[in-house]
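Enquirer: Hey, dropping target-v9.cif in here, mmCIF, C-alpha atoms:
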data_input
loop_
_atom_site.label_atom_id
_atom_site.label_comp_id
_atom_site.auth_asym_id
_atom_site.auth_seq_id
_atom_site.Cartn_x
_atom_site.Cartn_y
_atom_site.Cartn_z
CA MET U 1 72.11 -51.11 -65.34
CA ILE U 2 73.25 -48.63 -62.72
CA ALA U 3 70.94 -47.92 -59.78
CA HIS U 4 71.45 -45.55 -56.88
CA LEU U 5 69.49 -45.58 -53.63
CA ALA U 6 66.69 -43.37 -55.00
CA ASP U 7 66.40 -45.61 -58.07
CA ILE U 8 66.24 -48.74 -55.89
CA GLU U 9 63.57 -47.20 -53.68
CA SER U 10 61.41 -46.23 -56.65
CA MET U 11 61.66 -49.55 -58.51
CA GLU U 12 58.44 -51.42 -59.31
CA LYS U 13 57.95 -53.80 -56.37
CA SER U 14 58.20 -57.20 -58.08
CA PHE U 15 61.15 -56.06 -60.21
CA ARG U 16 62.98 -54.96 -57.06
CA THR U 17 62.11 -58.17 -55.22
CA ASN U 18 63.49 -60.28 -58.06
CA LEU U 19 66.56 -58.12 -58.51
CA ILE U 20 67.65 -57.82 -54.88
CA ASN U 21 66.99 -61.50 -54.24
CA HIS U 22 69.40 -62.31 -57.08
CA LEU U 23 72.21 -60.07 -55.86
CA SER U 24 73.37 -62.62 -53.33
CA GLY U 25 73.98 -65.09 -56.18
CA ALA U 26 73.07 -68.78 -56.25
CA LYS U 27 72.36 -69.91 -52.71
CA ALA U 28 72.13 -73.52 -51.58
CA ALA U 29 68.49 -74.46 -51.04
CA HIS U 30 67.37 -76.58 -48.10
CA LEU U 31 64.15 -78.18 -46.93
CA LEU U 32 63.54 -77.31 -43.28
CA GLY U 33 61.50 -79.83 -41.31
CA THR U 34 59.71 -79.26 -38.00
CA TYR U 35 56.96 -80.69 -35.81
CA ASN U 36 54.18 -78.62 -34.32
CA GLU U 37 52.99 -79.13 -30.75
CA GLN U 38 50.69 -81.94 -31.94
CA HIS U 39 53.75 -83.61 -33.52
CA GLN U 40 52.39 -82.98 -37.02
CA SER U 41 55.20 -82.48 -39.52
CA ASN U 42 55.88 -79.32 -41.53
CA LEU U 43 58.35 -78.83 -44.37
CA ALA U 44 59.38 -75.59 -46.09
CA ILE U 45 62.03 -74.54 -48.58
CA PHE U 46 64.64 -72.02 -47.41
CA SER U 47 67.50 -70.57 -49.41
CA ASN U 48 68.75 -68.14 -46.76
CA VAL U 49 70.80 -70.61 -44.76
CA ILE U 50 74.27 -69.60 -43.60
CA HIS U 51 77.27 -71.42 -42.14
CA ILE U 52 77.88 -69.99 -38.66
CA GLY U 53 80.74 -72.10 -37.39
CA ALA U 54 82.39 -75.52 -37.42
CA ASN U 55 83.25 -75.86 -33.70
CA PRO U 56 80.67 -75.84 -32.23
CA ALA U 57 78.94 -76.86 -35.47
CA MET U 58 76.21 -74.31 -36.12
CA MET U 59 73.97 -73.11 -38.96
CA GLY U 60 71.81 -70.00 -39.25
CA VAL U 61 68.48 -69.51 -41.02
CA LEU U 62 67.00 -66.11 -41.84
CA PHE U 63 63.25 -65.88 -41.27
CA ARG U 64 60.94 -63.30 -42.85
CA PRO U 65 59.15 -61.06 -40.28
CA VAL U 66 57.19 -63.43 -38.09
CA GLY U 67 53.43 -63.37 -38.77
CA ALA U 68 50.32 -65.42 -38.14
CA ASP U 69 51.28 -68.07 -40.69
CA SER U 70 54.94 -68.53 -39.74
CA HIS U 71 54.46 -72.21 -39.00
CA THR U 72 58.12 -73.16 -39.25
CA TYR U 73 59.30 -70.41 -36.91
CA LYS U 74 56.61 -71.14 -34.34
CA ASN U 75 57.31 -74.86 -34.40
CA ILE U 76 60.98 -74.21 -33.65
CA GLN U 77 60.02 -71.92 -30.77
CA ALA U 78 57.80 -74.65 -29.37
CA ASN U 79 60.05 -77.68 -29.85
CA LYS U 80 63.52 -76.17 -30.28
CA ARG U 81 64.29 -78.83 -32.90
CA PHE U 82 64.49 -78.65 -36.68
CA THR U 83 66.07 -80.47 -39.60
CA LEU U 84 67.87 -79.16 -42.68
CA ASN U 85 67.88 -81.36 -45.76
CA GLN U 86 69.79 -80.58 -48.94
CA ILE U 87 67.61 -80.74 -52.03
CA PRO U 88 68.60 -83.22 -54.73
CA VAL U 89 67.85 -82.33 -58.37
CA SER U 90 65.12 -84.98 -58.54
CA LEU U 91 63.12 -83.23 -55.78
CA VAL U 92 63.17 -79.65 -57.11
CA PRO U 93 59.52 -79.41 -58.24
CA GLN U 94 58.24 -80.89 -54.99
CA ALA U 95 60.59 -78.74 -52.91
CA HIS U 96 59.40 -75.57 -54.67
CA GLN U 97 55.80 -76.57 -54.06
CA THR U 98 56.39 -76.50 -50.27
CA SER U 99 56.44 -72.70 -50.59
CA ALA U 100 52.67 -72.69 -51.22
CA ARG U 101 50.59 -71.44 -48.29
CA TYR U 102 49.29 -74.70 -46.88
CA PRO U 103 46.99 -74.42 -43.87
CA LEU U 104 48.22 -75.31 -40.39
CA GLY U 105 47.98 -79.05 -39.81
CA ILE U 106 48.60 -79.99 -43.45
CA SER U 107 51.99 -81.71 -43.81
CA GLU U 108 53.91 -80.50 -46.85
CA PHE U 109 55.53 -83.94 -46.93
CA GLU U 110 52.17 -85.44 -47.87
CA ALA U 111 50.79 -82.50 -49.81
CA CYS U 112 53.88 -82.19 -52.01
CA GLY U 113 54.80 -85.86 -52.33
CA ILE U 114 58.03 -85.88 -50.35
CA GLU U 115 58.88 -88.99 -48.36
CA GLU U 116 59.28 -88.38 -44.63
CA GLU U 117 61.91 -90.19 -42.60
CA THR U 118 62.13 -90.46 -38.84
CA ILE U 119 65.00 -91.79 -36.79
CA PRO U 120 65.21 -92.82 -33.13
CA GLU U 121 68.11 -90.48 -32.34
CA PHE U 122 66.61 -87.11 -33.28
CA ASP U 123 63.01 -85.98 -32.97
CA GLY U 124 62.52 -84.15 -36.25
CA PRO U 125 61.12 -85.06 -39.66
CA PHE U 126 63.80 -85.67 -42.29
CA VAL U 127 63.56 -85.83 -46.09
CA LYS U 128 64.31 -89.41 -47.01
CA GLN U 129 65.81 -88.67 -50.44
CA SER U 130 68.26 -86.00 -49.24
CA LEU U 131 71.90 -87.06 -49.34
CA VAL U 132 72.83 -84.51 -46.65
CA LYS U 133 70.61 -84.22 -43.56
CA MET U 134 71.10 -82.38 -40.29
CA GLY U 135 69.24 -82.28 -37.01
CA LEU U 136 69.62 -79.01 -35.06
CA ILE U 137 68.59 -77.51 -31.74
CA TRP U 138 67.75 -73.81 -31.30
CA GLU U 139 70.75 -72.00 -29.80
CA GLU U 140 70.10 -68.25 -30.15
CA GLU U 141 68.35 -65.76 -32.41
CA HIS U 142 68.76 -62.14 -33.43
CA LEU U 143 66.14 -59.66 -34.62
CA ILE U 144 67.38 -57.59 -37.57
CA LYS U 145 65.99 -54.21 -36.59
CA SER U 146 66.01 -52.71 -40.08
CA ASN U 147 63.37 -55.06 -41.44
CA GLN U 148 62.19 -57.32 -38.59
CA THR U 149 63.70 -60.48 -40.08
CA VAL U 150 65.17 -62.97 -37.61
CA LEU U 151 68.46 -64.84 -37.81
CA LEU U 152 67.89 -68.09 -35.95
CA VAL U 153 71.00 -70.09 -35.06
CA GLY U 154 70.90 -73.83 -34.42
CA LYS U 155 73.54 -76.19 -33.12
CA ILE U 156 74.01 -79.34 -35.20
CA GLN U 157 73.24 -82.49 -33.18
CA TYR U 158 73.05 -85.06 -35.93
CA ILE U 159 74.49 -85.41 -39.44
CA SER U 160 73.71 -87.99 -42.10
CA ILE U 161 75.72 -87.91 -45.33
CA HIS U 162 75.50 -90.47 -48.10
CA ASP U 163 78.84 -92.27 -48.40
CA SER U 164 78.96 -91.71 -52.17
CA ILE U 165 79.55 -87.95 -51.77
CA LEU U 166 81.79 -87.80 -48.69
CA LEU U 167 85.54 -87.56 -49.38
CA PRO U 168 88.20 -88.79 -46.91
CA ASP U 169 89.23 -85.24 -45.89
CA GLY U 170 85.69 -84.16 -44.95
CA HIS U 171 84.83 -82.45 -48.24
CA ILE U 172 81.43 -83.17 -49.72
CA ASP U 173 81.34 -83.41 -53.53
CA LEU U 174 78.42 -81.05 -54.16
CA ALA U 175 78.41 -81.81 -57.90
CA VAL U 176 78.06 -85.57 -57.39
CA ALA U 177 75.50 -84.81 -54.69
CA GLN U 178 73.51 -82.86 -57.31
CA SER U 179 72.98 -80.28 -54.61
CA VAL U 180 70.58 -77.56 -55.72
CA SER U 181 71.11 -73.81 -55.43
CA ALA U 182 68.42 -71.16 -55.81
CA GLY U 183 68.63 -67.84 -57.62
CA GLY U 184 66.02 -65.41 -56.34
CA LEU U 185 62.71 -66.95 -55.34
CA ASP U 186 61.84 -69.23 -58.23
CA THR U 187 64.92 -70.32 -60.20
CA TYR U 188 67.02 -73.38 -59.42
CA TYR U 189 70.55 -74.23 -60.43
CA GLN U 190 72.79 -77.28 -60.35
CA VAL U 191 76.51 -76.92 -59.63
CA LYS U 192 79.51 -78.08 -61.65
CA LYS U 193 82.97 -78.24 -60.09
CA LEU U 194 85.47 -75.69 -61.37
CA ALA U 195 88.56 -75.90 -59.20
CA GLN U 196 89.98 -76.71 -55.79
CA PHE U 197 92.92 -74.78 -54.36
CA PRO U 198 95.38 -75.22 -51.50
CA TYR U 199 95.28 -72.68 -48.67
CA ALA U 200 96.40 -69.35 -50.10
CA LYS U 201 99.72 -68.01 -48.82
CA VAL U 202 101.56 -64.76 -49.28
CA SER U 203 104.31 -65.91 -51.65
CA ALA U 204 107.10 -63.67 -50.36
CA ASP U 205 106.52 -64.50 -46.73
CA ALA U 206 105.89 -68.14 -45.96
CA SER U 207 105.99 -67.45 -42.23
CA HIS U 208 102.46 -66.08 -42.31
CA GLU U 209 99.80 -68.61 -41.56
CA PRO U 210 97.04 -68.97 -44.15
CA ARG U 211 93.66 -67.61 -43.22
CA ARG U 212 90.15 -67.59 -44.56
CA ASN U 213 87.58 -64.91 -43.94
CA SER U 214 84.65 -67.22 -44.15
CA MET B 1 78.20 -91.46 -42.54
CA ILE B 2 76.12 -90.87 -39.46
CA ALA B 3 77.49 -88.54 -36.77
CA HIS B 4 75.94 -87.56 -33.46
CA LEU B 5 77.00 -84.62 -31.31
CA ALA B 6 79.73 -86.59 -29.49
CA ASP B 7 81.10 -87.80 -32.85
CA ILE B 8 81.12 -84.26 -34.25
CA GLU B 9 82.90 -82.94 -31.17
CA SER B 10 85.59 -85.62 -31.36
CA MET B 11 86.28 -85.32 -35.11
CA GLU B 12 89.81 -84.50 -36.23
CA LYS B 13 89.88 -80.71 -36.54
CA SER B 14 90.53 -80.23 -40.27
CA PHE B 15 88.08 -83.01 -41.18
CA ARG B 16 85.38 -81.30 -39.10
CA THR B 17 86.18 -77.88 -40.57
CA ASN B 18 85.86 -79.22 -44.12
CA LEU B 19 82.74 -81.20 -43.36
CA ILE B 20 80.75 -78.56 -41.51
CA ASN B 21 81.71 -75.88 -44.02
CA HIS B 22 80.24 -78.07 -46.77
CA LEU B 23 76.93 -78.73 -45.01
CA SER B 24 75.54 -75.38 -46.09
CA GLY B 25 75.99 -76.43 -49.74
CA ALA B 26 77.39 -74.29 -52.56
CA LYS B 27 77.34 -70.65 -51.46
CA ALA B 28 77.76 -67.69 -53.78
CA ALA B 29 81.25 -66.23 -53.33
CA HIS B 30 81.87 -62.48 -53.26
CA LEU B 31 84.87 -60.20 -53.16
CA LEU B 32 84.40 -57.61 -50.43
CA GLY B 33 86.21 -54.31 -50.95
CA THR B 34 87.00 -51.66 -48.33
CA TYR B 35 89.28 -48.70 -47.68
CA ASN B 36 91.29 -48.27 -44.51
CA GLU B 37 91.60 -44.89 -42.79
CA GLN B 38 94.48 -43.98 -45.11
CA HIS B 39 92.18 -44.78 -48.06
CA GLN B 40 94.28 -47.79 -49.02
CA SER B 41 92.14 -50.50 -50.61
CA ASN B 42 91.57 -54.00 -49.24
CA LEU B 43 89.86 -56.95 -50.90
CA ALA B 44 88.86 -60.29 -49.41
CA ILE B 45 86.81 -63.29 -50.50
CA PHE B 46 83.68 -64.10 -48.49
CA SER B 47 81.26 -66.93 -49.06
CA ASN B 48 79.06 -66.31 -46.03
CA VAL B 49 76.92 -63.57 -47.55
CA ILE B 50 73.16 -63.64 -46.99
CA HIS B 51 70.16 -61.84 -48.49
CA ILE B 52 68.51 -59.89 -45.67
CA GLY B 53 65.74 -58.06 -47.47
CA ALA B 54 64.62 -56.39 -50.70
CA ASN B 55 62.92 -53.28 -49.28
CA PRO B 56 65.01 -51.74 -47.85
CA ALA B 57 67.61 -53.57 -49.93
CA MET B 58 70.06 -55.18 -47.47
CA MET B 59 72.74 -57.85 -47.38
CA GLY B 60 74.48 -59.52 -44.45
CA VAL B 61 78.04 -60.80 -44.12
CA LEU B 62 79.20 -63.16 -41.39
CA PHE B 63 82.63 -62.31 -39.96
CA ARG B 64 84.90 -64.72 -38.07
CA PRO B 65 85.64 -63.63 -34.47
CA VAL B 66 87.29 -60.23 -34.79
CA GLY B 67 91.04 -60.29 -34.12
CA ALA B 68 94.13 -58.22 -34.69
CA ASP B 69 94.24 -58.96 -38.41
CA SER B 70 90.56 -58.43 -39.23
CA HIS B 71 91.33 -55.71 -41.76
CA THR B 72 88.02 -55.87 -43.57
CA TYR B 73 85.92 -55.67 -40.42
CA LYS B 74 87.93 -52.79 -39.01
CA ASN B 75 87.80 -50.86 -42.26
CA ILE B 76 84.01 -51.10 -42.26
CA GLN B 77 83.87 -49.91 -38.66
CA ALA B 78 86.02 -46.91 -39.61
CA ASN B 79 84.40 -45.92 -42.92
CA LYS B 80 80.99 -47.60 -42.77
CA ARG B 81 81.28 -48.38 -46.49
CA PHE B 82 82.02 -51.59 -48.35
CA THR B 83 81.49 -53.18 -51.74
CA LEU B 84 80.36 -56.68 -52.72
CA ASN B 85 81.42 -57.97 -56.12
CA GLN B 86 80.29 -61.28 -57.59
CA ILE B 87 83.20 -63.42 -58.77
CA PRO B 88 83.25 -64.38 -62.44
CA VAL B 89 84.78 -67.75 -63.40
CA SER B 90 87.80 -66.02 -64.96
CA LEU B 91 88.77 -64.48 -61.61
CA VAL B 92 88.57 -67.56 -59.38
CA PRO B 93 92.34 -68.13 -58.85
CA GLN B 94 92.93 -64.45 -58.06
CA ALA B 95 89.85 -64.29 -55.83
CA HIS B 96 91.01 -67.34 -53.83
CA GLN B 97 94.46 -65.77 -53.43
CA THR B 98 92.91 -62.79 -51.57
CA SER B 99 92.43 -65.18 -48.63
CA ALA B 100 96.20 -65.17 -48.00
CA ARG B 101 97.28 -63.19 -44.94
CA TYR B 102 98.63 -60.04 -46.55
CA PRO B 103 100.02 -57.42 -44.19
CA LEU B 104 98.08 -54.25 -43.43
CA GLY B 105 98.66 -51.65 -46.14
CA ILE B 106 99.11 -54.20 -48.95
CA SER B 107 96.22 -54.00 -51.38
CA GLU B 108 94.97 -57.42 -52.44
CA PHE B 109 93.90 -55.78 -55.72
CA GLU B 110 97.57 -55.27 -56.58
CA ALA B 111 98.98 -58.30 -54.82
CA CYS B 112 96.53 -60.70 -56.48
CA GLY B 113 96.25 -59.03 -59.89
CA ILE B 114 92.63 -57.85 -59.69
CA GLU B 115 91.74 -54.62 -61.43
CA GLU B 116 90.33 -51.95 -59.08
CA GLU B 117 87.54 -49.63 -60.21
CA THR B 118 86.43 -46.43 -58.54
CA ILE B 119 83.33 -44.40 -59.30
CA PRO B 120 82.35 -40.88 -58.30
CA GLU B 121 79.05 -41.92 -56.71
CA PHE B 122 80.28 -44.38 -54.05
CA ASP B 123 83.48 -44.26 -52.06
CA GLY B 124 84.54 -47.89 -52.13
CA PRO B 125 86.85 -49.99 -54.27
CA PHE B 126 85.03 -52.17 -56.82
CA VAL B 127 86.25 -55.16 -58.84
CA LYS B 128 86.24 -54.02 -62.45
CA GLN B 129 85.59 -57.44 -63.99
CA SER B 130 82.59 -58.28 -61.81
CA LEU B 131 79.27 -58.27 -63.63
CA VAL B 132 77.33 -57.61 -60.40
CA LYS B 133 78.64 -54.95 -58.00
CA MET B 134 77.10 -53.36 -54.94
CA GLY B 135 78.03 -50.47 -52.69
CA LEU B 136 76.73 -50.76 -49.11
CA ILE B 137 76.68 -48.74 -45.90
CA TRP B 138 76.87 -50.34 -42.44
CA GLU B 139 73.39 -50.54 -40.94
CA GLU B 140 73.59 -52.82 -37.90
CA GLU B 141 75.47 -55.83 -36.58
CA HIS B 142 74.87 -58.74 -34.25
CA LEU B 143 77.32 -60.74 -32.17
CA ILE B 144 76.60 -64.48 -32.31
CA LYS B 145 77.22 -65.37 -28.68
CA SER B 146 77.87 -69.07 -29.26
CA ASN B 147 81.08 -68.52 -31.23
CA GLN B 148 81.79 -64.76 -31.30
CA THR B 149 81.17 -64.42 -35.03
CA VAL B 150 79.47 -61.21 -36.17
CA LEU B 151 76.62 -60.77 -38.62
CA LEU B 152 77.15 -57.35 -40.19
CA VAL B 153 74.21 -55.94 -42.15
CA GLY B 154 74.65 -53.32 -44.86
CA LYS B 155 72.11 -51.28 -46.79
CA ILE B 156 72.61 -51.29 -50.55
CA GLN B 157 73.27 -47.79 -51.90
CA TYR B 158 74.50 -48.56 -55.37
CA ILE B 159 74.05 -51.45 -57.83
CA SER B 160 75.82 -52.07 -61.12
CA ILE B 161 74.70 -55.04 -63.24
CA HIS B 162 75.96 -55.84 -66.70
CA ASP B 163 73.09 -55.53 -69.18
CA SER B 164 73.86 -58.95 -70.70
CA ILE B 165 72.68 -60.81 -67.58
CA LEU B 166 69.72 -58.67 -66.42
CA LEU B 167 66.29 -59.88 -67.50
CA PRO B 168 63.28 -57.55 -67.92
CA ASP B 169 61.54 -58.82 -64.76
CA GLY B 170 64.54 -58.18 -62.51
CA HIS B 171 65.98 -61.70 -62.57
CA ILE B 172 69.71 -62.06 -63.07
CA ASP B 173 70.78 -65.02 -65.20
CA LEU B 174 73.41 -66.46 -62.86
CA ALA B 175 74.48 -69.10 -65.42
CA VAL B 176 75.19 -66.54 -68.14
CA ALA B 177 76.86 -64.40 -65.49
CA GLN B 178 79.17 -67.37 -64.74
CA SER B 179 78.64 -66.52 -61.10
CA VAL B 180 80.84 -68.62 -58.83
CA SER B 181 79.76 -70.55 -55.74
CA ALA B 182 82.06 -71.97 -53.09
CA GLY B 183 81.87 -75.33 -51.37
CA GLY B 184 83.71 -75.30 -48.08
CA LEU B 185 86.84 -73.15 -47.96
CA ASP B 186 88.70 -74.14 -51.11
CA THR B 187 86.41 -75.55 -53.78
CA TYR B 188 84.62 -73.50 -56.42
CA TYR B 189 81.60 -74.33 -58.53
CA GLN B 190 79.85 -72.87 -61.56
CA VAL B 191 76.07 -72.99 -61.83
CA LYS B 192 73.86 -74.41 -64.58
CA LYS B 193 70.18 -73.51 -64.76
CA LEU B 194 67.76 -76.33 -63.98
CA ALA B 195 64.28 -74.84 -63.82
CA GLN B 196 62.18 -71.79 -63.08
CA PHE B 197 58.74 -72.10 -61.52
CA PRO B 198 55.71 -69.86 -61.02
CA TYR B 199 54.77 -68.93 -57.45
CA ALA B 200 53.58 -72.11 -55.78
CA LYS B 201 49.90 -72.28 -54.87
CA VAL B 202 47.80 -74.72 -52.91
CA SER B 203 45.95 -76.42 -55.78
CA ALA B 204 42.62 -77.01 -54.01
CA ASP B 205 42.34 -73.45 -52.74
CA ALA B 206 43.33 -70.73 -55.17
CA SER B 207 42.19 -68.04 -52.73
CA HIS B 208 45.39 -68.42 -50.73
CA GLU B 209 48.10 -66.00 -51.69
CA PRO B 210 51.45 -67.51 -52.57
CA ARG B 211 54.24 -67.00 -50.11
CA ARG B 212 57.94 -67.67 -49.87
CA ASN B 213 59.84 -68.38 -46.71
CA SER B 214 63.04 -66.89 -47.94
#
Could I get this structure in the form of structure tokens?
Expert:
Amino acid sequence: MIAHLADIESMEKSFRTNLINHLSGAKAAHLLGTYNEQHQSNLAIFSNVIHIGANPAMMGVLFRPVGADSHTYKNIQANKRFTLNQIPVSLVPQAHQTSARYPLGISEFEACGIEEETIPEFDGPFVKQSLVKMGLIWEEEHLIKSNQTVLLVGKIQYISIHDSILLPDGHIDLAVAQSVSAGGLDTYYQVKKLAQFPYAKVSADASHEPRRNS
Amino acid sequence: MIAHLADIESMEKSFRTNLINHLSGAKAAHLLGTYNEQHQSNLAIFSNVIHIGANPAMMGVLFRPVGADSHTYKNIQANKRFTLNQIPVSLVPQAHQTSARYPLGISEFEACGIEEETIPEFDGPFVKQSLVKMGLIWEEEHLIKSNQTVLLVGKIQYISIHDSILLPDGHIDLAVAQSVSAGGLDTYYQVKKLAQFPYAKVSADASHEPRRNS
């Protein structure tokens, strides 16, 4: 299929939503945990999470335009704290169910059957079964003017990684972790390792330092 | 492993880089094509690409702090146009090699053995073997103050998707497409489909519309 701008703009709405959401490929899916001002927990699935930087350690989350029912966004504004929890294969149905429109005050942990974990060191609800968990504090945010989405950036304060998936050089084996990626809004994928490479160098000129764009 | 902020800050540098880059899970990898002002082509691998919105159709790319050798970023500033090309499994070694620090004026298409494709309708270099290709125009960008990275947002002008992977409802079968995801800076994964779900609804109250956070 070839589509130009006019074709994209005139696509049937759900076809376009599915299509454009798939163009970014399989994206790691996370469960994002927050507390509201009454310290009730909230949990929601997000696949638009982006690595911002390693030092300081920061992650970004893209939020849909903020409306009356944007519980997660409002909780972060109120408390500045949130958690990101990688989704293991065994939790996919429950994680998807968190995307239902539960009323304010209903915890998706309870409603969807996901075990909540709390720790003394960070005031945010974690997903007990996740093998990779992070606690973050709001750092900055940016309004995308073109469509009123918001990129919210958090600084990582706390990391918990199961020892079975952490390698000595800091790599995480995402295949052993059974880390789940999402395609579009409703399809989930598991990853299988293909290859690992050394830093790429220009062969004829070893004096250049390797670089990565991302 | 449990790490608090002080632990993260005192980690050995390459260990921290590997670790934090893996926390965001397996991220779809793309080859980003541009022209410089002399219309010489440039190609670079990026794994920090994010879905911004479906209507208007937009994608975001996170750039490292812009320096003297940020060819891709500068080309986009000059020409406003760039392409994103999903990486098929067969192209992984060549795609990784584009991360080497080639001098200005050397095309990574040639240097890395990747076939370049041009089309009349969009002035940007595409990767011929990619099954999903996009042409985008610069729309807006945001400086992340905490670490001087830049989120650059482009509006999709052109889409090419191989018919073998496009489903009637707009889904792309990312497993059949052999779409590649990256873990950290040097590890590549293939995806395998796990499950597809209907829109999640609150079971006791069917009057609520389904929603998705991402």
Enquirer: For B:Pro65, find every residue with an atom within 8 Å (counting all atoms listed in the file), except residues of its own chain fewer than 4 positions away, and show them as a PyMOL selection string.
Expert: chain B and resi 147-150
Enquirer: For the residues selected in the previous step, produce a file with C-alpha atoms as a PDB file, in the frame of the given file.
Expert:
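Output below, filename result_23.pdb:
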ATOM      1  CA  ASN B 147      81.080 -68.520 -31.230  1.00  0.00           C
ATOM      2  CA  GLN B 148      81.790 -64.760 -31.300  1.00  0.00           C
ATOM      3  CA  THR B 149      81.170 -64.420 -35.030  1.00  0.00           C
ATOM      4  CA  VAL B 150      79.470 -61.210 -36.170  1.00  0.00           C
TER       5      VAL B 150
END
Enquirer: Interatomic distance between atom CA of U:Ala200 and atom CA of B:Gln40?
Expert: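 These two atoms are separated by 21.7 Å.
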Enquirer: Between atom CA of B:Ala26 and atom CA of U:Leu167, what is the spacing in Å?
Expert: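 Going from atom CA of U:Leu167 over to atom CA of B:Ala26 covers 15.9 Å.
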Enquirer: Between atom CA of B:Phe126 and atom CA of B:Phe109, what is the distance, to one decimal in Å?
Expert: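 A separation of 9.6 Å between them.
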Enquirer: Quick one: which residues end up in the PyMOL selection byres ((chain B and resi 8) around 10) for this structure, as a PyMOL selection string?
Expert: (chain U and resi 54-57+156-159) or (chain B and resi 2-7+9-13+15-16+19-20)
Enquirer: Which residue is closest to U:Asn48? Choose from U:Gln94, U:Thr187, U:Thr17, U:Ser181 and count all atoms listed in the file.
Expert: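 Closest to U:Asn48, using all atoms listed in the file: U:Ser181.
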Enquirer: Kindly provide, as a ChimeraX atom specification, the polymer residues lying within 12 Å of (75.0, -60.6, -65.7), counting only C-alpha atoms and using the coordinates exactly as they appear in the file.
Expert: /U:1,19,22-23,25 /B:85-88,129-133,160-167,170-179
Enquirer: Might you pull out every residue within 12 Å of U:Glu37, with all atoms listed in the file counted and same-chain residues fewer than 4 positions away left off, and present them as a PyMOL selection string?
Expert: chain U and resi 41-42+71-72+74-81+104-105
Enquirer: With C-alpha atoms retained, write the just-selected residues as an mmCIF file, in the coordinates of the input.
Expert:
data_model
loop_
_atom_site.group_PDB
_atom_site.id
_atom_site.type_symbol
_atom_site.label_atom_id
_atom_site.label_comp_id
_atom_site.auth_asym_id
_atom_site.auth_seq_id
_atom_site.Cartn_x
_atom_site.Cartn_y
_atom_site.Cartn_z
ATOM 1 C CA SER U 41 55.200 -82.480 -39.520
ATOM 2 C CA ASN U 42 55.880 -79.320 -41.530
ATOM 3 C CA HIS U 71 54.460 -72.210 -39.000
ATOM 4 C CA THR U 72 58.120 -73.160 -39.250
ATOM 5 C CA LYS U 74 56.610 -71.140 -34.340
ATOM 6 C CA ASN U 75 57.310 -74.860 -34.400
ATOM 7 C CA ILE U 76 60.980 -74.210 -33.650
ATOM 8 C CA GLN U 77 60.020 -71.920 -30.770
ATOM 9 C CA ALA U 78 57.800 -74.650 -29.370
ATOM 10 C CA ASN U 79 60.050 -77.680 -29.850
ATOM 11 C CA LYS U 80 63.520 -76.170 -30.280
ATOM 12 C CA ARG U 81 64.290 -78.830 -32.900
ATOM 13 C CA LEU U 104 48.220 -75.310 -40.390
ATOM 14 C CA GLY U 105 47.980 -79.050 -39.810
#
Enquirer: With distances taken over only C-alpha atoms, which residue among B:Val191, B:Tyr102, B:Leu43, B:Leu143 lies nearest B:Val66?
Expert: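 Of B:Val191, B:Tyr102, B:Leu43, B:Leu143, the one nearest B:Val66, counting only C-alpha atoms, is B:Leu143.
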Enquirer: Show which residues sit within 9 Å of B:Val49, as a PyMOL selection string. Count all atoms listed in the file, and ignore same-chain residues fewer than 4 positions away.
Expert: (chain U and resi 24+50) or (chain B and resi 27-30+59-62)
